[in-house]
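Asker: If you scroll down you'll find the structure; I have some questions about it.
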Amino acid sequence: MAKAATKTAAILYEWEGKTSAGAKQKGLISSPNADLVKAKLRRQGIIPTKVRKKPREFGGKQKIEAADIAIFARQLTTMMGAGVPMVQSFEIVANGMENKSMREMVNGIKAEVESGSNLTNALRQYPDQFDELFCSLTEAGEQSGTLETLLGEIATYKEKSESLKKKIKKAMFYPVAVLIIALIVTAILLVFVVPQFEALFSGMGGDLPAFTKMIVSASEFMQEWWYILFIGIGLTVWVFAQTKKRSKPFREALDRMALKAPVFGDIAIKAATARFSRTLATMSKAGVPLVEAMESVAGVAGNSVFEKAILAMKEEAATGQRLTVSIQNSGLFSNMVVQMVSIGEESGSIDDMLGKVADYYEEEVDNAVDAMTSLMEPMIMAFLGVVIGGLVVGMYLPIFKMGDAF
């Protein structure tokens with residue numbers, strides 16, 4: 001019955017296409033899936049070029065974060081575990097939310113369920129907030145009658161994923177923040193402090209040390225062309241972001257470099273391994289077939305090199321290849337992962353083994369981030385000392401030189 005509901009529930013799709021004469025057209029169509037939208041457009045003489053689910057818009061200005069979705073899944077699991085009916089659970093959860101956009105979305109899901117839609121299709125009305133992985137697991141729970149259990153698995157998966165993301169952000173934020181502060185302090189010294197010393201030196205006469213001349217020249221450049229410098233930095237960042245967004249080869253090159261980078265590469269590999277293991281363990285526990293699960297696992301890999309490898313593993317799995325062999329052939333996973341998966345396949349407990357692998361690598365990421373932070377603290381202090389201290393010493397060199405003359 002749940003399966004039938006999945007096929008008949010309508011989703012709003014945005015489409016773009018061309019007529020036989022080459023004229024571009026676009027619009028909205030309500031349909032159970034994208035394939036039916038394309039078929040309908042072809043019957044109308046339109047060749048579809050783009051079909052995607054229309055995101056739901058919210059009146060509230062607050063952004064819905066992934067952490068909000070994790071909390072929603074956990075709260076809904078708790079309510080259902082306590083025996084509260086689903087519709088009433090939505091009402092209780094929505095009333096307890098401070099995020100207005102999140103509250104509107106939960107009320108929208110509640111309205112869909114009240115109108116007769118199942119939970120999976122209600123969630124699919126919000127593709128920007130609930131990805132295919134979330135919806136697939138929910139659908140598996142509804143069809144097997146284990147919705148409460150699988151919602152708990154989804155909540156745990158989302159919480160673990162968010163925790164891993166925070167660790168990665170922590171690893172990147174600290175050095176970037178210090179570098180930005182160093183640049184700001186250097187700019188302030190060059191624009192406001194060095195000119196005061198320059199006026200003092202001009203009244204003293206004599207030649208300035210070469211290092212001091214270099215700092216004075218940098219100060220004069222900053223005072224006259226500071227806007228060119230900031231525009232250049234902003235333009236470089238924008239071009240980099242746009243190239244990364246639009247160019248797949250560029251993204252793949254960056255991802256390959258990230259995996260080979262000192263310290264950061266090790267963290268990136270461990271994080272990708274943890275995501276792979278956690279996602280596949282969750283979907284395996286839900287009873288999702290391996291080939292279907294691999295598609296979702298590739299989508300959350302977080303690195304295009306791992307994504308391509310997982311999709312290749314999916315193709316091998318479709319031909320009957322054992323997961324252990326596919327993982328080994330990829331060359332991206334450690335011997336420990338291969339051995340644990342092999343044990344899981346032989347004992348029929350692949351989800352438990354993958355869960356243990358995910359736990360291990362999530363802890364490894366945490367330890368690696370802490371170790372990197374401890375290692376970088378003295379290096380960053382030394383960097384700041386060289387940059388800021390160098391400017392100060394450069395400004396005082398003429399005074400030291402004048403003191404030596406006496």
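Ordering of the structure tokens sets the chain letters (A, B, ...), residue numbers begin anew at 1 in every chain, and ligands are numbered from 1 in the order given.
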Using DSSP on the backbone coordinates, identify the residues of region 182-238 of chain A assigned to alpha helix (DSSP H); present them as a ChimeraX atom specification.
Answerer: /A:182-188,194-204,210-238
Asker: For Leu150 (chain A), list every protein, DNA or RNA residue within 7 Å, evaluated using only C-alpha atoms, and leave out those in the same chain fewer than 6 positions away; present the list as a list in words.
Answerer: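 Counting only C-alpha atoms, the residues come to Leu137, Thr138, Gly141 and Ala286 of chain A.
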Asker: Please compute the CA of Thr324 (chain A)-CA of Val341 (chain A) distance, one decimal, in Å.
Answerer: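 CA of Val341 (chain A) lies at a distance of 5.9 Å from CA of Thr324 (chain A).
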Asker: At a cut-off of 10 Å, using only C-alpha atoms, what residues contact region 325-332 of chain A? Leave out same-chain residues fewer than 4 positions from it and give the result as a list in words.
Answerer: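 These residues fall inside the cut-off: Leu259, Ile269, Ala272, Thr273, Val305, Phe306, Lys308, Ala309, Ile310, Ala312, Met313, Lys314, Glu315, Glu316, Ala317, Gln321, Val337, Val338, Gln339, Val341 and Ser342 of chain A.
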Asker: What lies within 7 Å of Ala298 (chain A) using only C-alpha atoms, ignoring chain neighbours under 4 positions off, as a ChimeraX atom specification?
Answerer: /A:294,307,310-311
Asker: For Ile181 (chain A), find every residue with an atom within 12 Å (counting only C-alpha atoms), except residues of its own chain fewer than 4 positions away, and show them as a ChimeraX atom specification.
Answerer: /A:174-177,185-188,380,383-384,387-388
Asker: Out of A:Ile215, A:Met379, A:Val263, A:Ala293, which residue has the shortest atom-to-atom distance to Leu397 (chain A) when counting only C-alpha atoms?
Answerer: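 Ranking A:Ile215, A:Met379, A:Val263, A:Ala293 by distance to Leu397 (chain A), first place goes to A:Ile215.
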Asker: Taking only C-alpha atoms into account, name the residue in A:Met336, A:Ile233, A:Glu162, A:Gln25 that is nearest to Leu183 (chain A).
Answerer: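 Comparing A:Met336, A:Ile233, A:Glu162, A:Gln25 against Leu183 (chain A), the winner is A:Ile233.
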Asker: Taking 5 positions as the minimum chain separation for residues in the same chain, which residues sit within 12 Å of Ala210 (chain A) when counting only C-alpha atoms? Answer as JSON, numbers by chain.
Answerer: {"A": [215, 216, 217, 394, 395, 397, 398]}
Asker: In Å to one decimal, how far is CA of Ser277 (chain A) from CA of Leu354 (chain A)?
Answerer: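 That distance, rounded to one decimal, is 5.1 Å.
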Asker: What separation in Å, quoted to one decimal, exists between CA of Ala171 (chain A) and CA of Ala368 (chain A)?
Answerer: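 Result for CA of Ala171 (chain A) versus CA of Ala368 (chain A): 8.9 Å, one decimal.
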Asker: Measuring atom to atom with only C-alpha atoms, identify which of A:Thr146, A:Thr279, A:Asn107, A:Thr78 is nearest to Lys160 (chain A).
Answerer: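 Among A:Thr146, A:Thr279, A:Asn107, A:Thr78, it is A:Thr279 that comes nearest to Lys160 (chain A).
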Asker: Would you kindly return, as a PyMOL selection string, each protein, DNA or RNA residue with an atom no farther than 12 Å from any atom of Pro249 (chain A), considering only C-alpha atoms and excluding same-chain residues fewer than 6 positions away?
Answerer: chain A and resi 243+255-256+304-305
Asker: Let's have the selection written as an mmCIF file, in the first residue's frame, with C-alpha atoms.
Answerer:
data_model
loop_
_atom_site.group_PDB
_atom_site.id
_atom_site.type_symbol
_atom_site.label_atom_id
_atom_site.label_comp_id
_atom_site.auth_asym_id
_atom_site.auth_seq_id
_atom_site.Cartn_x
_atom_site.Cartn_y
_atom_site.Cartn_z
ATOM 1 C CA THR A 243 35.509 27.741 -11.487
ATOM 2 C CA ASP A 255 40.018 16.940 -4.557
ATOM 3 C CA ARG A 256 43.049 14.917 -5.692
ATOM 4 C CA SER A 304 34.940 13.558 -6.187
ATOM 5 C CA VAL A 305 37.781 10.994 -6.170
#
Asker: Of the candidates A:Phe130, A:Phe276, A:Trp238, A:Phe173, which shows the shortest atom-to-atom distance to Asp68 (chain A), using only C-alpha atoms?
Answerer: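 So, comparing all the options, the nearest one is A:Phe130.
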Asker: Choose the residue, out of A:Ala34, A:Trp15, A:Ile29, A:Gln242, that has the smallest atom-to-atom separation from Ile47 (chain A); count only C-alpha atoms.
Answerer: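 Using only C-alpha atoms, Ile47 (chain A) sits closest to A:Trp15.
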